[in-house]
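To keep things clear, I will list the structure first and then write my remarks on it.
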Amino acid sequence: MQQRLARGEAAALGELYDRFASLVHHLAYRVLGEEEAADRVTRDVFAHVWENPGSFNPKQSSLRSWIAALTHRQAVHRLRQSTAVSVDEGADEASPADVELKIRHASAAARADYIVTAMPAPLRDALELAYRERRDYREAAAALGVTEDEARRRLRLGLQLLSTAHDAAPRASSPPGPGRAR
Amino acid sequence: MSGPGEPGRTGPDDSDAPGPARRPRIPAPRPPAEDGGHWPGPAPARPRGVPAQGGSPEAAEADTRHTESETDAPNPTTARPDEEPAAAGTPPEPGARGEAGGVSAESDLTGTPAPSHHVLKSMLGAWALAACSAEEIAVVDHHLNQCPTCAEEAVRLRRAVGLLHVEENLDLNPQLRSRVLAGCLGRRPARIPVPEWAAPYDAEAARLDALIGDMGEAEWRAPVALRWFDGERARLRDTTVAGVIGHLLTVDGIVATAVGLPDPLGPGAPTGPLARTEAYWRAEPAHVAQLTRHGERPHGVRPPRAASRPATPRPPESSRAGPRPGAIRGPWREQGHALLRTVSFAGRGISQLSVPYGEFALPLRDALLDRAFECWVHGVDIAEAVSYPYRPPAAAHLNLMIDLCARLLPRALAERRQAGLASPPRHLGRAGVPSRSLHLEVEGHGGGHWCIALDSPTATASPDEQVAHLVLDREEFCRLVAGHVPPLDVVAGQLGDPEAIRDVLYATASLSRL
């Protein structure tokens, strides 16, 4: 994909969008809470990837997590900008601490969403059944064709992974994107 | 599941006799001596997302911020080895040995199976999600008062459940795609562009893909009635949403094979759209066999827009038991992408490559327009089946599709005439000789005016020889072309020769097929 983008293949750009647009838009929306702003971030992120396909290093991370990190950075950047503007205009008495808190909540939420999309499918399926379809673990086990022990294990492990979204304390200087290269 | 193997038995609640309706086998624990026999009884299930009692989030945060974020494709085998659910034979954690061990030992003595510490610990996920019985919740609640390790994890998991909340999860605006792509291409022009005539297919396939992208299994199995007009009468075929995508895959496959891509039906497959689709449906009877009939149409199975959903953009299906009807989406999408890629690289000449549709052939550029139109029409079929809105294509794309129909009409008229279904030509059509014509006007975005030659496909349609004027709304016109409305029931403004208008209406409807 990276080579195709570097080669300037428009069809590859379309495929990239089809694969990642919903992730990008969703993460941006989680941070910014506004559809229009999320649209703008989506535009900026894809433009960045299209213009700088070489800045992705496949040795450091997957394309998916690189794009998620770009999105997060861009969305937090926009959130800071918009909060700064509203403070300047006197529309909001938000203190810098409030802004950072807001960014922290938004980042945790966005990271959680990313974790859900990136976690192994069996764990995600179990969480889906229990959370969205409101099935208990016995019903989930039957639906997944696994033992009840396994269903409980998946629910617990899924939530454990999800809970790590609260762990990474965002720093004002370099907000850690989800799945940042380590 | 590729992660850790099945844990062995961890307690009496093993699933050698599974069944959702079974009574929970984890009994309420015997009251500890110090409670004096006052067991509060089963607690009602807590609503989701309500934080657990007895642990402030702040305290939990301070306590639990001991792992680095592990978000890059988390792996259950390595994510948190220190907190892996205890497998069979693993002793309970030291901190919890006291109470839990005691309860177990006591129960064993009395013959009452009581949950051990690690059964209770393994229950924490289900507990946090309120995905266990009220009785089990009460047992876990009780245990949490006594076991700090579990209590800490419980708070952490409950907070994680809070992260599953999404107030709004908007579908992507379908127009965003073209805006984003145009923005990109404005900043760095493509060296290998997608040909203009392939853009409608690109856009419509992406739109349909977005529609089906987050469908659940029930929706994939929702019944769809495919309608068309075979030249003489309305036809109808029942299939499912998955069957429709299979149909698109097999007919798109005609175009794919024409440009040298592999045939999704394999070598030796039939050529025409109908024969190919039926061959596919026969080979994949699951899509049709699962059909629910006689009013069992699952209306409203799809959650409304902006409904509260958990944080998964796409519900996973990969590990559900049984056949996954949605699996057809991947091959259809991949073939579409490969097709666009191939025509982008092929250069100008390929637009005229002849694509054989069995009884007729179309140049590639028209074949892809036709596929774009079909993609939209079947997108509407699917959207109706799952009660979801679906909008018409972008005006510029719709215009190209209507233009294709207008260009195909003279030949369709001639074919109907040969079959004795249309009135004879007034002028014996000779190439280049002006023919009687009909002024087709399609109203709305993407519409326009077309001059249709009535007497012969080779004749030049002349506005001077206009004998009739037909005006339709763009959506009505497309319903007619799709064969979704009987030709004479169409809502249209008609002026002039009624016979010519009737012939054109019938010919337009006969452009439709399965």
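In the structure tokens, each chain is lettered A, B, ... as it comes, each chain's residues begin at 1, and ligands are numbered from 1 in order of appearance.
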query: Would you give me, as number ranges by chain, the residues in stretch 27-162 of chain A that DSSP reads as alpha helix (DSSP H)?
result: A: 27-32, 35-51, 63-88, 96-118, 121-127, 137-144, 148-162
Need the shell around stretch 274-277 of chain B: protein/DNA/RNA residues with any atom at most 10 Å away, counting only C-alpha atoms. Skip same-chain ones fewer than 3 positions apart. Format as a CSV table (one decimal) with N, CA and C atoms, in the first residue's frame?
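Written output follows (around18.csv):
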```csv
chain,number,residue,atom,x,y,z
B,243,GLY,N,-27.0,-12.6,-0.6
B,243,GLY,CA,-27.3,-13.1,-1.9
B,243,GLY,C,-27.1,-12.0,-2.9
B,244,VAL,N,-27.5,-10.8,-2.5
B,244,VAL,CA,-27.4,-9.6,-3.5
B,244,VAL,C,-25.9,-9.3,-3.7
B,246,GLY,N,-23.5,-11.3,-3.4
B,246,GLY,CA,-23.0,-12.4,-4.3
B,246,GLY,C,-23.3,-12.2,-5.7
B,247,HIS,N,-24.5,-11.7,-6.0
B,247,HIS,CA,-25.0,-11.4,-7.3
B,247,HIS,C,-24.1,-10.3,-7.9
B,248,LEU,N,-23.8,-9.2,-7.1
B,248,LEU,CA,-22.9,-8.2,-7.6
B,248,LEU,C,-21.5,-8.7,-7.9
B,249,LEU,N,-21.0,-9.6,-7.0
B,249,LEU,CA,-19.7,-10.2,-7.2
B,249,LEU,C,-19.6,-10.9,-8.5
B,250,THR,N,-20.7,-11.7,-8.8
B,250,THR,CA,-20.6,-12.6,-10.0
B,250,THR,C,-20.8,-11.8,-11.3
B,251,VAL,N,-21.6,-10.7,-11.2
B,251,VAL,CA,-21.8,-9.9,-12.4
B,251,VAL,C,-20.6,-8.9,-12.6
B,253,GLY,N,-17.9,-9.7,-11.9
B,253,GLY,CA,-16.9,-10.7,-12.4
B,253,GLY,C,-16.8,-10.8,-13.9
B,254,ILE,N,-17.9,-10.4,-14.6
B,254,ILE,CA,-17.9,-10.4,-16.1
B,254,ILE,C,-16.9,-9.3,-16.5
B,265,LEU,N,-16.2,-17.0,-10.3
B,265,LEU,CA,-16.9,-18.3,-10.3
B,265,LEU,C,-16.0,-19.4,-10.8
B,269,ALA,N,-17.3,-20.9,-16.2
B,269,ALA,CA,-18.5,-20.4,-15.6
B,269,ALA,C,-19.4,-19.8,-16.8
B,270,PRO,N,-20.7,-19.8,-16.6
B,270,PRO,CA,-21.6,-19.2,-17.6
B,270,PRO,C,-21.3,-17.8,-17.9
B,271,THR,N,-21.8,-17.2,-19.0
B,271,THR,CA,-21.4,-15.9,-19.4
B,271,THR,C,-22.4,-14.8,-19.0
B,280,TYR,N,-24.1,-19.1,-9.1
B,280,TYR,CA,-23.5,-18.8,-7.8
B,280,TYR,C,-24.5,-19.1,-6.7
B,281,TRP,N,-25.8,-18.8,-6.8
B,281,TRP,CA,-26.7,-19.1,-5.8
B,281,TRP,C,-26.9,-20.6,-5.5
B,282,ARG,N,-26.8,-21.3,-6.6
B,282,ARG,CA,-26.9,-22.8,-6.5
B,282,ARG,C,-25.7,-23.3,-5.6
B,283,ALA,N,-24.5,-22.7,-6.0
B,283,ALA,CA,-23.3,-23.2,-5.3
B,283,ALA,C,-23.2,-22.7,-3.8
B,357,TYR,N,-21.6,-9.6,-22.4
B,357,TYR,CA,-22.6,-9.9,-21.3
B,357,TYR,C,-23.5,-11.1,-21.8
B,358,GLY,N,-23.0,-12.0,-22.6
B,358,GLY,CA,-23.8,-13.0,-23.1
B,358,GLY,C,-24.5,-12.6,-24.4
B,513,ARG,N,-32.5,-5.9,-15.6
B,513,ARG,CA,-32.3,-7.4,-15.6
B,513,ARG,C,-32.0,-7.7,-14.1
B,514,LEU,N,-31.9,-9.0,-13.9
B,514,LEU,CA,-31.6,-9.4,-12.5
B,514,LEU,C,-30.4,-8.6,-12.0
```
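Here atom CA of B:Ala154 and atom CA of A:Ala126 stand 18.0 Å from one another.
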query: Neighbours of B:Ser462 within 9 Å (only C-alpha atoms; same-chain residues fewer than 6 positions away dropped), as a ChimeraX atom specification?
result: /B:434-438,451-453
field: Contacts of A:Asp44 at 12 Å (only C-alpha atoms; same-chain gap of 5+ positions) as a VMD selection string
entry: (chain A and resid 21 24 to 25 28 37 to 39 49 to 52 67 70 to 75 77 to 78) or (chain B and resid 179 to 184 187)
message: Residues near B:Gln335, anyone? I mean within 10 Å using only C-alpha atoms, not counting same-chain ones fewer than 5 positions away, as a list of chain:residue names.
response: B:Leu249, B:Thr250, B:Asp252, B:Gly253, B:Ala256, B:Leu261, B:Pro262, B:Asp263, B:Pro264, B:Gly330, B:Leu340, B:Arg341
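Between A:Arg80 and the candidates A:Val31, A:Leu129, A:Leu162, A:Ala121, the tightest atom-to-atom separation, counting only C-alpha atoms, involves A:Val31.
Closest approach to A:Ala141 among B:Ala406, B:Ala126, B:Leu480, B:Ala203 is made by B:Ala126 (distances from only C-alpha atoms).
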